[in-house]
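Novice: Just model13.cif, nothing more (mmCIF, C-alpha atoms (C1' of nucleotides)):
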data_data
loop_
_atom_site.label_atom_id
_atom_site.label_comp_id
_atom_site.auth_asym_id
_atom_site.auth_seq_id
_atom_site.Cartn_x
_atom_site.Cartn_y
_atom_site.Cartn_z
CA MET A 1 -12.48 57.37 -21.88
CA PHE A 2 -14.87 54.72 -23.09
CA LEU A 3 -17.19 56.55 -25.47
CA SER A 4 -16.61 59.14 -28.17
CA LYS A 5 -18.38 62.45 -28.52
CA SER A 6 -19.80 61.25 -31.82
CA PHE A 7 -21.41 58.28 -30.13
CA GLY A 8 -22.85 60.45 -27.39
CA TYR A 9 -24.29 62.96 -29.85
CA ALA A 10 -25.76 60.22 -32.01
CA LEU A 11 -27.37 58.42 -29.09
CA ARG A 12 -28.78 61.55 -27.53
CA GLY A 13 -30.00 62.81 -30.90
CA ILE A 14 -31.81 59.57 -31.66
CA LEU A 15 -33.39 59.44 -28.22
CA TYR A 16 -34.51 63.05 -28.54
CA VAL A 17 -36.20 62.27 -31.84
CA SER A 18 -37.75 59.15 -30.34
CA LEU A 19 -39.27 61.01 -27.42
CA SER A 20 -40.23 64.28 -29.11
CA GLY A 21 -41.45 62.74 -32.34
CA LYS A 22 -43.80 60.16 -30.88
CA ASP A 23 -46.81 61.83 -32.48
CA GLY A 24 -45.23 61.60 -35.92
CA ARG A 25 -43.80 65.10 -35.84
CA LYS A 26 -40.50 65.48 -37.71
CA ILE A 27 -37.64 66.87 -35.65
CA GLN A 28 -35.11 69.30 -37.10
CA VAL A 29 -31.41 69.37 -36.37
CA ASP A 30 -31.72 72.91 -35.05
CA GLU A 31 -34.20 71.85 -32.40
CA ILE A 32 -32.08 68.89 -31.31
CA ALA A 33 -28.93 70.97 -31.16
CA ASP A 34 -30.68 73.69 -29.18
CA GLN A 35 -32.38 71.38 -26.73
CA LEU A 36 -29.38 69.16 -26.13
CA SER A 37 -26.80 71.97 -26.25
CA VAL A 38 -24.80 70.20 -28.87
CA PRO A 39 -22.85 71.69 -31.82
CA ARG A 40 -25.36 71.99 -34.66
CA HIS A 41 -23.17 71.24 -37.64
CA PHE A 42 -21.34 68.38 -36.05
CA LEU A 43 -24.61 66.86 -34.95
CA ALA A 44 -25.92 67.20 -38.50
CA LYS A 45 -22.96 65.24 -39.79
CA VAL A 46 -23.49 62.50 -37.24
CA MET A 47 -27.23 62.32 -37.87
CA LYS A 48 -26.59 62.02 -41.57
CA SER A 49 -24.72 58.77 -41.07
CA VAL A 50 -27.38 57.57 -38.64
CA VAL A 51 -29.93 58.02 -41.43
CA LYS A 52 -27.64 56.47 -44.02
CA ASN A 53 -27.50 53.38 -41.84
CA GLY A 54 -31.27 53.21 -41.63
CA ILE A 55 -31.54 53.91 -37.91
CA LEU A 56 -33.69 56.99 -38.47
CA ASP A 57 -35.64 58.36 -41.42
CA SER A 58 -35.36 61.89 -42.69
CA THR A 59 -37.15 64.11 -45.14
CA LYS A 60 -35.93 67.36 -46.60
CA GLY A 61 -37.87 70.53 -47.08
CA PRO A 62 -40.51 72.37 -45.06
CA TYR A 63 -41.98 70.35 -42.23
CA GLY A 64 -39.17 67.89 -42.82
CA GLY A 65 -36.74 66.53 -40.29
CA PHE A 66 -35.83 63.30 -38.60
CA SER A 67 -38.23 60.60 -37.52
CA ILE A 68 -38.08 57.09 -36.14
CA ASN A 69 -38.82 54.06 -38.31
CA LYS A 70 -39.56 50.39 -37.76
CA LYS A 71 -35.90 49.59 -37.29
CA THR A 72 -35.04 52.30 -34.78
CA PHE A 73 -36.05 50.64 -31.54
CA ASN A 74 -34.50 47.32 -32.47
CA VAL A 75 -31.06 48.76 -33.09
CA LYS A 76 -28.51 47.65 -30.54
CA LEU A 77 -26.17 50.12 -28.90
CA ILE A 78 -23.22 48.18 -30.24
CA GLN A 79 -24.42 48.80 -33.79
CA LEU A 80 -24.56 52.51 -33.15
CA MET A 81 -21.10 52.37 -31.67
CA GLU A 82 -19.71 50.53 -34.68
CA LEU A 83 -21.19 53.25 -36.84
CA THR A 84 -19.70 56.16 -34.92
CA ASP A 85 -16.44 54.69 -33.66
CA GLY A 86 -15.66 51.72 -35.87
CA THR A 87 -15.12 48.14 -34.82
CA GLU A 88 -11.37 47.98 -34.29
CA GLN A 89 -11.57 49.12 -30.70
CA LEU A 90 -13.81 46.17 -29.89
CA SER A 91 -11.16 43.62 -30.71
CA GLY A 92 -7.41 43.89 -30.34
CA CYS A 93 -5.22 44.57 -27.34
CA VAL A 94 -6.25 47.25 -24.88
CA LEU A 95 -2.64 48.43 -24.90
CA SER A 96 -2.61 48.40 -28.72
CA PHE A 97 0.03 45.72 -28.52
CA LYS A 98 -0.02 43.60 -31.65
CA LYS A 99 1.55 40.51 -30.12
CA CYS A 100 -1.06 40.31 -27.38
CA ASN A 101 -3.71 37.61 -27.41
CA SER A 102 -5.28 35.22 -24.96
CA ARG A 103 -2.43 32.72 -25.26
CA ASN A 104 0.25 35.38 -25.02
CA PRO A 105 -1.52 38.03 -22.96
CA CYS A 106 -0.12 41.48 -22.22
CA PRO A 107 0.20 42.44 -18.54
CA LEU A 108 -3.29 43.92 -18.42
CA HIS A 109 -5.01 41.56 -20.79
CA ASP A 110 -7.25 39.45 -18.58
CA ARG A 111 -8.47 42.13 -16.23
CA VAL A 112 -9.21 44.75 -18.81
CA ILE A 113 -10.47 42.50 -21.58
CA ASN A 114 -12.89 41.13 -19.07
CA LEU A 115 -14.35 44.54 -18.40
CA ARG A 116 -14.43 45.41 -22.08
CA ASP A 117 -16.30 42.20 -22.80
CA LYS A 118 -18.84 43.15 -20.19
CA LEU A 119 -19.38 46.48 -21.92
CA ILE A 120 -19.69 44.79 -25.29
CA THR A 121 -22.19 42.32 -23.88
CA GLU A 122 -24.18 45.13 -22.31
CA PHE A 123 -24.19 47.09 -25.56
CA SER A 124 -25.02 43.98 -27.58
CA THR A 125 -28.12 43.22 -25.56
CA THR A 126 -29.45 46.73 -25.03
CA THR A 127 -31.52 48.28 -27.81
CA LEU A 128 -32.49 51.88 -28.37
CA GLY A 129 -36.02 50.72 -27.62
CA ASP A 130 -34.96 49.56 -24.18
CA LEU A 131 -33.89 53.08 -23.35
CA VAL A 132 -37.32 54.56 -24.06
CA ASP A 133 -39.43 51.67 -22.78
CA GLU A 134 -40.67 52.24 -19.25
CA LYS A 135 -41.03 48.52 -18.65
CA ASN A 136 -37.35 48.01 -19.29
CA PRO A 137 -34.79 48.49 -16.52
CA ASN A 138 -32.64 50.56 -18.84
CA PHE A 139 -35.29 53.10 -19.69
CA ILE A 140 -34.69 56.83 -19.46
CA LYS A 141 -36.90 58.82 -17.18
CA SER A 142 -36.68 62.30 -18.57
CA ILE A 143 -35.67 64.16 -21.66
CA SER A 144 -33.50 66.41 -19.55
CA VAL A 145 -30.97 63.65 -19.15
CA LEU A 146 -30.28 63.37 -22.85
CA MET B 1 -10.97 52.27 -26.31
CA PHE B 2 -10.03 52.39 -22.66
CA LEU B 3 -6.29 53.08 -22.71
CA SER B 4 -4.13 55.53 -24.65
CA LYS B 5 -1.00 54.72 -26.60
CA SER B 6 0.99 56.87 -24.21
CA PHE B 7 -0.17 54.80 -21.27
CA GLY B 8 0.70 51.58 -23.05
CA TYR B 9 4.16 52.78 -24.00
CA ALA B 10 4.84 54.04 -20.51
CA LEU B 11 3.73 50.84 -18.85
CA ARG B 12 5.59 48.57 -21.22
CA GLY B 13 8.69 50.75 -21.00
CA ILE B 14 8.71 50.67 -17.23
CA LEU B 15 8.17 46.92 -17.14
CA TYR B 16 10.96 46.39 -19.64
CA VAL B 17 13.33 48.40 -17.47
CA SER B 18 12.17 46.50 -14.39
CA LEU B 19 12.83 43.10 -15.93
CA SER B 20 15.98 43.85 -17.92
CA GLY B 21 17.59 46.08 -15.35
CA LYS B 22 17.28 43.79 -12.35
CA ASP B 23 21.05 43.52 -12.04
CA GLY B 24 21.43 47.27 -11.85
CA ARG B 25 22.14 47.73 -15.53
CA LYS B 26 20.83 51.00 -16.98
CA ILE B 27 18.51 50.62 -19.94
CA GLN B 28 18.59 53.01 -22.89
CA VAL B 29 15.62 54.29 -24.85
CA ASP B 30 17.02 52.77 -28.01
CA GLU B 31 17.01 49.29 -26.52
CA ILE B 32 13.48 49.64 -25.19
CA ALA B 33 12.19 51.00 -28.47
CA ASP B 34 13.89 48.25 -30.43
CA GLN B 35 12.78 45.42 -28.19
CA LEU B 36 9.21 46.60 -27.79
CA SER B 37 8.84 47.85 -31.38
CA VAL B 38 7.74 51.25 -30.23
CA PRO B 39 8.47 54.67 -31.77
CA ARG B 40 11.77 55.77 -30.26
CA HIS B 41 11.23 59.51 -29.96
CA PHE B 42 7.69 59.28 -28.72
CA LEU B 43 8.76 56.73 -26.14
CA ALA B 44 11.55 59.07 -25.04
CA LYS B 45 9.02 61.82 -24.47
CA VAL B 46 6.82 59.54 -22.41
CA MET B 47 9.72 58.16 -20.38
CA LYS B 48 10.85 61.68 -19.62
CA SER B 49 7.62 62.41 -17.79
CA VAL B 50 7.79 59.05 -16.05
CA VAL B 51 11.17 60.11 -14.66
CA LYS B 52 9.97 63.59 -13.84
CA ASN B 53 7.26 61.98 -11.71
CA GLY B 54 9.80 59.86 -9.87
CA ILE B 55 8.58 56.52 -11.15
CA LEU B 56 11.96 55.70 -12.68
CA ASP B 57 15.46 57.13 -12.33
CA SER B 58 17.65 58.14 -15.21
CA THR B 59 21.24 59.17 -15.77
CA LYS B 60 22.70 60.84 -18.80
CA GLY B 61 25.95 60.06 -20.51
CA PRO B 62 27.84 56.86 -21.30
CA TYR B 63 26.51 53.80 -19.49
CA GLY B 64 23.51 55.91 -18.59
CA GLY B 65 19.88 55.09 -19.09
CA PHE B 66 16.78 54.32 -17.09
CA SER B 67 16.61 52.33 -13.88
CA ILE B 68 14.08 51.45 -11.22
CA ASN B 69 14.09 53.10 -7.83
CA LYS B 70 12.51 52.50 -4.44
CA LYS B 71 9.25 54.04 -5.54
CA THR B 72 8.81 52.14 -8.81
CA PHE B 73 7.17 48.96 -7.61
CA ASN B 74 4.81 50.76 -5.27
CA VAL B 75 3.35 52.98 -7.98
CA LYS B 76 -0.26 52.15 -8.74
CA LEU B 77 -1.46 51.79 -12.32
CA ILE B 78 -3.95 54.58 -11.73
CA GLN B 79 -1.09 56.97 -10.93
CA LEU B 80 0.59 56.10 -14.19
CA MET B 81 -2.68 56.64 -16.00
CA GLU B 82 -3.20 60.04 -14.41
CA LEU B 83 0.27 60.97 -15.59
CA THR B 84 -0.22 59.90 -19.20
CA ASP B 85 -3.92 60.57 -19.72
CA GLY B 86 -4.96 63.06 -17.07
CA THR B 87 -7.67 62.66 -14.50
CA GLU B 88 -10.71 64.13 -16.21
CA GLN B 89 -11.64 60.87 -17.86
CA LEU B 90 -11.94 59.22 -14.48
CA SER B 91 -14.78 61.43 -13.37
CA GLY B 92 -17.52 63.01 -15.44
CA CYS B 93 -20.16 61.53 -17.69
CA VAL B 94 -19.18 58.72 -20.03
CA LEU B 95 -21.15 60.51 -22.75
CA SER B 96 -19.38 63.80 -21.91
CA PHE B 97 -22.76 65.17 -20.91
CA LYS B 98 -22.38 67.95 -18.40
CA LYS B 99 -25.81 67.65 -16.86
CA CYS B 100 -25.33 63.99 -16.03
CA ASN B 101 -24.77 62.87 -12.47
CA SER B 102 -25.98 60.12 -10.19
CA ARG B 103 -29.18 61.98 -9.33
CA ASN B 104 -29.87 62.97 -12.92
CA PRO B 105 -28.21 60.13 -14.80
CA CYS B 106 -27.80 59.95 -18.58
CA PRO B 107 -29.25 56.91 -20.32
CA LEU B 108 -26.05 54.94 -19.98
CA HIS B 109 -24.90 56.23 -16.64
CA ASP B 110 -25.42 53.35 -14.27
CA ARG B 111 -24.29 50.53 -16.49
CA VAL B 112 -21.18 52.17 -17.83
CA ILE B 113 -20.14 54.03 -14.69
CA ASN B 114 -20.25 50.72 -12.93
CA LEU B 115 -17.76 49.20 -15.32
CA ARG B 116 -15.54 52.25 -15.25
CA ASP B 117 -15.49 52.12 -11.46
CA LYS B 118 -14.38 48.52 -11.66
CA LEU B 119 -11.49 49.53 -13.88
CA ILE B 120 -10.56 52.35 -11.56
CA THR B 121 -10.67 50.02 -8.59
CA GLU B 122 -8.53 47.48 -10.39
CA PHE B 123 -6.00 50.15 -11.35
CA SER B 124 -6.06 51.63 -7.87
CA THR B 125 -5.13 48.37 -6.22
CA THR B 126 -2.63 47.02 -8.72
CA THR B 127 0.95 48.24 -8.49
CA LEU B 128 3.74 48.00 -11.01
CA GLY B 129 5.36 45.63 -8.54
CA ASP B 130 2.38 43.30 -8.77
CA LEU B 131 3.00 42.91 -12.47
CA VAL B 132 6.56 41.66 -11.99
CA ASP B 133 5.99 39.64 -8.83
CA GLU B 134 5.47 35.97 -9.53
CA LYS B 135 3.56 35.47 -6.33
CA ASN B 136 0.95 37.96 -7.43
CA PRO B 137 -1.95 36.92 -9.65
CA ASN B 138 -1.31 39.89 -11.90
CA PHE B 139 2.30 39.03 -12.66
CA ILE B 140 3.69 38.90 -16.18
CA LYS B 141 5.31 35.70 -17.32
CA SER B 142 7.57 36.82 -20.08
CA ILE B 143 9.15 39.89 -21.53
CA SER B 144 7.67 39.00 -24.89
CA VAL B 145 4.28 40.07 -23.71
CA LEU B 146 5.39 43.62 -23.10
"C1'" DT C 1 -43.96 77.74 -60.55
"C1'" DT C 2 -41.92 80.31 -57.15
"C1'" DT C 3 -40.39 80.67 -52.48
"C1'" DA C 4 -38.91 78.98 -48.24
"C1'" DA C 5 -37.53 75.21 -45.39
"C1'" DA C 6 -34.56 71.60 -44.17
"C1'" DA C 7 -31.39 67.75 -44.86
"C1'" DA C 8 -27.36 66.21 -47.79
"C1'" DA C 9 -22.97 66.95 -49.31
"C1'" DG C 10 -18.63 68.50 -49.18
"C1'" DA C 11 -14.99 71.79 -48.12
"C1'" DT C 12 -12.55 73.85 -44.57
"C1'" DA C 13 -10.99 74.79 -39.63
"C1'" DT C 14 -9.43 73.66 -34.98
"C1'" DA C 15 -7.78 70.83 -31.28
"C1'" DA C 16 -5.79 66.85 -29.34
"C1'" DA C 17 -3.12 62.81 -29.73
"C1'" DT C 18 0.63 60.78 -31.72
"C1'" DG C 19 5.07 60.84 -33.86
"C1'" DT C 20 9.80 62.84 -35.49
"C1'" DC C 21 13.83 65.69 -35.59
"C1'" DT C 22 17.42 68.82 -33.76
"C1'" DT C 23 19.88 70.98 -30.16
"C1'" DT C 24 21.37 71.11 -25.38
"C1'" DT C 25 23.01 69.25 -21.09
"C1'" DA C 26 25.07 65.91 -18.17
"C1'" DT C 27 28.18 62.11 -17.54
"C1'" DT C 28 31.86 58.90 -18.21
"C1'" DA C 29 36.11 57.15 -19.75
"C1'" DA C 30 40.18 57.70 -22.09
"C1'" DT D 1 40.27 68.16 -20.97
"C1'" DT D 2 38.46 66.00 -24.82
"C1'" DA D 3 35.44 62.81 -27.17
"C1'" DA D 4 31.68 59.95 -27.03
"C1'" DT D 5 27.32 58.66 -25.01
"C1'" DA D 6 22.70 59.18 -23.62
"C1'" DA D 7 18.80 61.65 -21.63
"C1'" DA D 8 16.40 66.32 -21.54
"C1'" DA D 9 14.36 69.83 -23.88
"C1'" DG D 10 11.95 71.87 -27.24
"C1'" DA D 11 10.54 72.66 -31.99
"C1'" DC D 12 8.09 70.73 -35.66
"C1'" DA D 13 5.05 67.27 -38.35
"C1'" DT D 14 1.28 64.14 -38.95
"C1'" DT D 15 -3.02 62.02 -37.91
"C1'" DT D 16 -7.42 61.63 -35.95
"C1'" DA D 17 -11.33 63.54 -33.69
"C1'" DT D 18 -14.09 67.28 -33.29
"C1'" DA D 19 -16.31 71.35 -35.12
"C1'" DT D 20 -17.87 74.89 -38.58
"C1'" DC D 21 -19.24 76.89 -42.90
"C1'" DT D 22 -21.09 76.99 -47.63
"C1'" DT D 23 -23.44 75.09 -51.44
"C1'" DT D 24 -26.69 71.79 -53.36
"C1'" DT D 25 -30.79 69.06 -53.45
"C1'" DT D 26 -35.34 67.90 -52.10
"C1'" DT D 27 -39.86 69.01 -50.60
"C1'" DA D 28 -44.07 71.48 -49.35
"C1'" DA D 29 -47.07 75.21 -49.43
"C1'" DA D 30 -48.61 79.43 -51.27
#
Transcribe the structure of this file into structure tokens.

Specialist:
Amino acid sequence: MFLSKSFGYALRGILYVSLSGKDGRKIQVDEIADQLSVPRHFLAKVMKSVVKNGILDSTKGPYGGFSINKKTFNVKLIQLMELTDGTEQLSGCVLSFKKCNSRNPCPLHDRVINLRDKLITEFSTTTLGDLVDEKNPNFIKSISVL
Amino acid sequence: MFLSKSFGYALRGILYVSLSGKDGRKIQVDEIADQLSVPRHFLAKVMKSVVKNGILDSTKGPYGGFSINKKTFNVKLIQLMELTDGTEQLSGCVLSFKKCNSRNPCPLHDRVINLRDKLITEFSTTTLGDLVDEKNPNFIKSISVL
DNA sequence: TTTAAAAAAGATATAAATGTCTTTTATTAA
DNA sequence: TTAATAAAAGACATTTATATCTTTTTTAAA
């Protein structure tokens, strides 16, 4: 419920690169997959689209790997979610009922839409930077929780 | 996000039977599928497990179909959800991260768990009866919103 | 300039959710 | 007791999400 595997892998991968690559070191997929116990090839596919969307940089070849860029910490969680899961889930009826809208709400509309909106708001105001910034209430304490 | 198709079909099917079958009339799958614009065979599969779990009654043969029983209106939404979607999604990390728990929380733990708990609470206190009881704030106004 | 490293690309595989079809069983009315 | 009706059961199909494997391209260092 709530969040896809792809989203989880992408987020954890980015945060791992952010924390381990602070000194400018490039981080390889193998290291991320090992450290986070995540399927290597699937992670590679996800990271590829993260790079394609400019959230991380990457370089091929020896000493290559993934690294943060100027955009990374300003990216909002909602943007990452759109990338991994698409946008359709963010609008539309929670029961996938086409005729449902605020004027003609399905039985669960108000209660559930309300909670979904809260999640969207949360994800629209939280950046990746917030998660690695100790001054921010959202920050992560330890790499072991990625 | 949030709710599966199966859950939506089950809920809408049950509510349709509740509203259309008030006079004791049995409601057939074909009618439900037609009226709610839902795939007939898939709905039949879902309704079968609804009956197996005692949430509705059914009788075969001419003039047969689905009907409410004494239990129907007391069933909580969370019970229906457990039936259609299983229980695993209700516990465990929202990022499917095995090492995550309240002492060692993943980056999104607190914020998202909080919202999920709200949904669980909502679904644990709302019954099917609430949705068809005009005195209740959750009630549905019209069959067209099923 | 050759070799090795590492991501990119793309093909393929598996699992889970969703959807469809056919056969069987139970029930009712004629 | 037969014919028609409708759910139950179960097999099968499709789609989407997840996962894996192989080949290609780029890069750096020797």

Novice: So what do you get for CA of Lys118 (chain B) versus CA of Leu19 (chain B), distance-wise?

Specialist: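 About the pair CA of Lys118 (chain B) and CA of Leu19 (chain B): they are 28.1 Å apart.
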
Novice: Do a neighbour search on region 71-80 of chain B at 10 Å with all atoms listed in the file, toss out local chain neighbours closer than 5 positions, and write the hits as a ChimeraX atom specification.

Specialist: /B:7-8,10-11,14-15,18,50,53-57,85-87,90,119-133

Novice: CA of Asn69 (chain A) and CA of Ser142 (chain A) are how many Å apart?

Specialist: 21.5 Å

Novice: Can you move chain A onto chain B by a least-squares fit over all C-alpha atoms paired in order, then give me the moved copy as a short mmCIF file (atom, residue, chain, number, x, y, z; two decimals) with C-alpha atoms, keeping the file's coordinate frame?

Specialist:
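Contents of the output file part-v2.cif:
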data_model
loop_
_atom_site.label_atom_id
_atom_site.label_comp_id
_atom_site.auth_asym_id
_atom_site.auth_seq_id
_atom_site.Cartn_x
_atom_site.Cartn_y
_atom_site.Cartn_z
CA MET A 1 -10.94 52.35 -26.46
CA PHE A 2 -10.00 52.32 -22.81
CA LEU A 3 -6.28 53.06 -22.79
CA SER A 4 -4.11 55.50 -24.70
CA LYS A 5 -0.98 54.68 -26.64
CA SER A 6 0.98 56.86 -24.24
CA PHE A 7 -0.17 54.77 -21.30
CA GLY A 8 0.69 51.55 -23.08
CA TYR A 9 4.16 52.76 -24.04
CA ALA A 10 4.84 54.03 -20.53
CA LEU A 11 3.71 50.82 -18.87
CA ARG A 12 5.59 48.56 -21.23
CA GLY A 13 8.70 50.74 -21.02
CA ILE A 14 8.71 50.67 -17.23
CA LEU A 15 8.17 46.92 -17.13
CA TYR A 16 10.96 46.39 -19.63
CA VAL A 17 13.33 48.40 -17.47
CA SER A 18 12.16 46.52 -14.39
CA LEU A 19 12.83 43.12 -15.91
CA SER A 20 15.98 43.87 -17.90
CA GLY A 21 17.59 46.11 -15.32
CA LYS A 22 17.29 43.81 -12.32
CA ASP A 23 21.06 43.54 -12.01
CA GLY A 24 21.42 47.31 -11.80
CA ARG A 25 22.13 47.75 -15.49
CA LYS A 26 20.83 51.02 -16.95
CA ILE A 27 18.50 50.63 -19.92
CA GLN A 28 18.60 53.02 -22.87
CA VAL A 29 15.62 54.29 -24.81
CA ASP A 30 17.03 52.77 -27.99
CA GLU A 31 17.04 49.30 -26.50
CA ILE A 32 13.49 49.64 -25.18
CA ALA A 33 12.21 51.00 -28.47
CA ASP A 34 13.92 48.23 -30.41
CA GLN A 35 12.82 45.41 -28.17
CA LEU A 36 9.25 46.57 -27.79
CA SER A 37 8.87 47.82 -31.37
CA VAL A 38 7.76 51.20 -30.22
CA PRO A 39 8.50 54.63 -31.77
CA ARG A 40 11.79 55.76 -30.25
CA HIS A 41 11.23 59.48 -29.98
CA PHE A 42 7.71 59.24 -28.72
CA LEU A 43 8.78 56.72 -26.13
CA ALA A 44 11.56 59.06 -25.05
CA LYS A 45 9.03 61.81 -24.47
CA VAL A 46 6.82 59.53 -22.42
CA MET A 47 9.72 58.16 -20.39
CA LYS A 48 10.85 61.67 -19.63
CA SER A 49 7.61 62.41 -17.82
CA VAL A 50 7.77 59.04 -16.08
CA VAL A 51 11.15 60.10 -14.67
CA LYS A 52 9.92 63.59 -13.85
CA ASN A 53 7.23 61.99 -11.73
CA GLY A 54 9.76 59.88 -9.88
CA ILE A 55 8.56 56.52 -11.15
CA LEU A 56 11.95 55.70 -12.67
CA ASP A 57 15.44 57.14 -12.31
CA SER A 58 17.63 58.14 -15.19
CA THR A 59 21.20 59.18 -15.73
CA LYS A 60 22.66 60.85 -18.78
CA GLY A 61 25.90 60.07 -20.49
CA PRO A 62 27.79 56.87 -21.27
CA TYR A 63 26.50 53.82 -19.47
CA GLY A 64 23.49 55.92 -18.54
CA GLY A 65 19.86 55.09 -19.05
CA PHE A 66 16.77 54.31 -17.06
CA SER A 67 16.61 52.33 -13.86
CA ILE A 68 14.07 51.45 -11.22
CA ASN A 69 14.08 53.12 -7.80
CA LYS A 70 12.48 52.50 -4.43
CA LYS A 71 9.22 54.02 -5.55
CA THR A 72 8.80 52.14 -8.82
CA PHE A 73 7.16 48.96 -7.62
CA ASN A 74 4.79 50.76 -5.29
CA VAL A 75 3.33 52.96 -8.00
CA LYS A 76 -0.27 52.16 -8.78
CA LEU A 77 -1.47 51.79 -12.35
CA ILE A 78 -3.96 54.58 -11.77
CA GLN A 79 -1.11 56.96 -10.97
CA LEU A 80 0.58 56.11 -14.23
CA MET A 81 -2.68 56.62 -16.04
CA GLU A 82 -3.20 60.03 -14.46
CA LEU A 83 0.26 60.95 -15.64
CA THR A 84 -0.23 59.88 -19.25
CA ASP A 85 -3.92 60.57 -19.78
CA GLY A 86 -4.96 63.05 -17.11
CA THR A 87 -7.67 62.66 -14.52
CA GLU A 88 -10.70 64.13 -16.24
CA GLN A 89 -11.66 60.89 -17.90
CA LEU A 90 -11.93 59.23 -14.50
CA SER A 91 -14.75 61.45 -13.37
CA GLY A 92 -17.50 63.04 -15.43
CA CYS A 93 -20.14 61.55 -17.68
CA VAL A 94 -19.18 58.75 -20.03
CA LEU A 95 -21.18 60.54 -22.72
CA SER A 96 -19.42 63.83 -21.89
CA PHE A 97 -22.78 65.18 -20.86
CA LYS A 98 -22.36 67.97 -18.34
CA LYS A 99 -25.78 67.66 -16.75
CA CYS A 100 -25.29 63.99 -15.96
CA ASN A 101 -24.74 62.83 -12.40
CA SER A 102 -25.97 60.08 -10.14
CA ARG A 103 -29.16 61.95 -9.26
CA ASN A 104 -29.85 62.95 -12.84
CA PRO A 105 -28.19 60.11 -14.74
CA CYS A 106 -27.79 59.98 -18.51
CA PRO A 107 -29.26 56.93 -20.28
CA LEU A 108 -26.05 54.95 -19.95
CA HIS A 109 -24.90 56.24 -16.61
CA ASP A 110 -25.39 53.34 -14.23
CA ARG A 111 -24.25 50.53 -16.47
CA VAL A 112 -21.17 52.19 -17.82
CA ILE A 113 -20.11 54.06 -14.70
CA ASN A 114 -20.24 50.76 -12.94
CA LEU A 115 -17.77 49.22 -15.33
CA ARG A 116 -15.54 52.27 -15.25
CA ASP A 117 -15.49 52.13 -11.46
CA LYS A 118 -14.40 48.54 -11.66
CA LEU A 119 -11.50 49.53 -13.89
CA ILE A 120 -10.55 52.36 -11.57
CA THR A 121 -10.67 50.03 -8.59
CA GLU A 122 -8.54 47.49 -10.41
CA PHE A 123 -6.01 50.14 -11.39
CA SER A 124 -6.05 51.64 -7.90
CA THR A 125 -5.15 48.37 -6.24
CA THR A 126 -2.65 47.01 -8.74
CA THR A 127 0.94 48.23 -8.51
CA LEU A 128 3.74 47.99 -11.03
CA GLY A 129 5.34 45.61 -8.55
CA ASP A 130 2.37 43.28 -8.79
CA LEU A 131 3.00 42.90 -12.49
CA VAL A 132 6.56 41.65 -12.01
CA ASP A 133 6.01 39.66 -8.82
CA GLU A 134 5.54 35.96 -9.49
CA LYS A 135 3.62 35.50 -6.26
CA ASN A 136 1.01 37.97 -7.40
CA PRO A 137 -1.90 36.88 -9.60
CA ASN A 138 -1.30 39.84 -11.88
CA PHE A 139 2.30 39.04 -12.64
CA ILE A 140 3.66 38.92 -16.17
CA LYS A 141 5.20 35.71 -17.34
CA SER A 142 7.47 36.79 -20.13
CA ILE A 143 9.14 39.84 -21.53
CA SER A 144 7.73 39.00 -24.93
CA VAL A 145 4.31 40.13 -23.82
CA LEU A 146 5.40 43.67 -23.11
#

Novice: Please enumerate the residues selected by the PyMOL selection byres ((chain B) within 10 of (chain C)) when evaluated against the supplied file, formatted as a list in words.

Specialist: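 On the file shown, the PyMOL selection byres ((chain B) within 10 of (chain C)) covers Ser4, Lys5, Ser6, Pro39, Arg40, His41, Phe42, Leu43, Thr59, Lys60, Gly61, Pro62, Tyr63 and Gly64 of chain B.
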
Novice: Work out how far CA of Ser144 (chain B) is from CA of Arg103 (chain A), in Å to one decimal.

Specialist: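 Answer for the CA of Arg103 (chain A) to CA of Ser144 (chain B) separation: 11.9 Å.
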
Novice: Which residue, D:DA8, D:DA30, D:DA3, D:DA19, has the smallest gap to chain B when you use all atoms listed in the file?

Specialist: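 For chain B, the nearest of the candidates is D:DA8.
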
Novice: Show me which bits of chain D are within 9 Å of chain A, counting all atoms listed in the file, as a list of chain:residue names.

Specialist: D:DA17, D:DT18, D:DA19, D:DT20, D:DC21, D:DT25, D:DT26, D:DT27, D:DA28, D:DA29

Novice: Quick one: which chain A residues come within 8 Å of chain B, and what is the nearest atom pair for each with the distance in Å to one decimal, counting only C-alpha atoms, rows ordered by chain and ascending number, as a Markdown table?

Specialist:
| residue | atom | partner | partner_atom | distance |
| --- | --- | --- | --- | --- |
| A:Met1 | CA | B:Gln89 | CA | 5.4 |
| A:Phe2 | CA | B:Phe2 | CA | 5.4 |
| A:Leu3 | CA | B:Val94 | CA | 6.2 |
| A:Ser4 | CA | B:Leu95 | CA | 7.2 |
| A:Lys5 | CA | B:Leu95 | CA | 6.7 |
| A:Phe7 | CA | B:Leu95 | CA | 7.7 |
| A:Gly8 | CA | B:Leu95 | CA | 4.9 |
| A:Gln89 | CA | B:Met1 | CA | 5.4 |
| A:Leu90 | CA | B:Met1 | CA | 7.6 |
| A:Val94 | CA | B:Leu3 | CA | 6.2 |
| A:Leu95 | CA | B:Gly8 | CA | 4.9 |
| A:Ser96 | CA | B:Lys5 | CA | 6.9 |
| A:Phe97 | CA | B:Leu146 | CA | 7.9 |
| A:Lys99 | CA | B:Val145 | CA | 7.0 |
| A:Cys100 | CA | B:Val145 | CA | 6.5 |
| A:Asn104 | CA | B:Val145 | CA | 6.3 |
| A:Pro105 | CA | B:Val145 | CA | 6.2 |
| A:Cys106 | CA | B:Val145 | CA | 4.9 |
| A:Pro107 | CA | B:Ile140 | CA | 5.5 |
| A:Leu108 | CA | B:Asn138 | CA | 7.9 |
| A:Arg111 | CA | B:Glu122 | CA | 7.9 |
| A:Val112 | CA | B:Leu119 | CA | 7.2 |
| A:Leu115 | CA | B:Leu115 | CA | 6.5 |
| A:Lys118 | CA | B:Leu115 | CA | 7.8 |
| A:Leu119 | CA | B:Val112 | CA | 7.2 |
| A:Glu122 | CA | B:Arg111 | CA | 7.9 |
| A:Leu131 | CA | B:Pro107 | CA | 6.7 |
| A:Asn138 | CA | B:Pro107 | CA | 7.3 |
| A:Phe139 | CA | B:Pro107 | CA | 7.2 |
| A:Ile140 | CA | B:Pro107 | CA | 5.5 |
| A:Val145 | CA | B:Cys106 | CA | 4.9 |
| A:Leu146 | CA | B:Cys106 | CA | 6.0 |
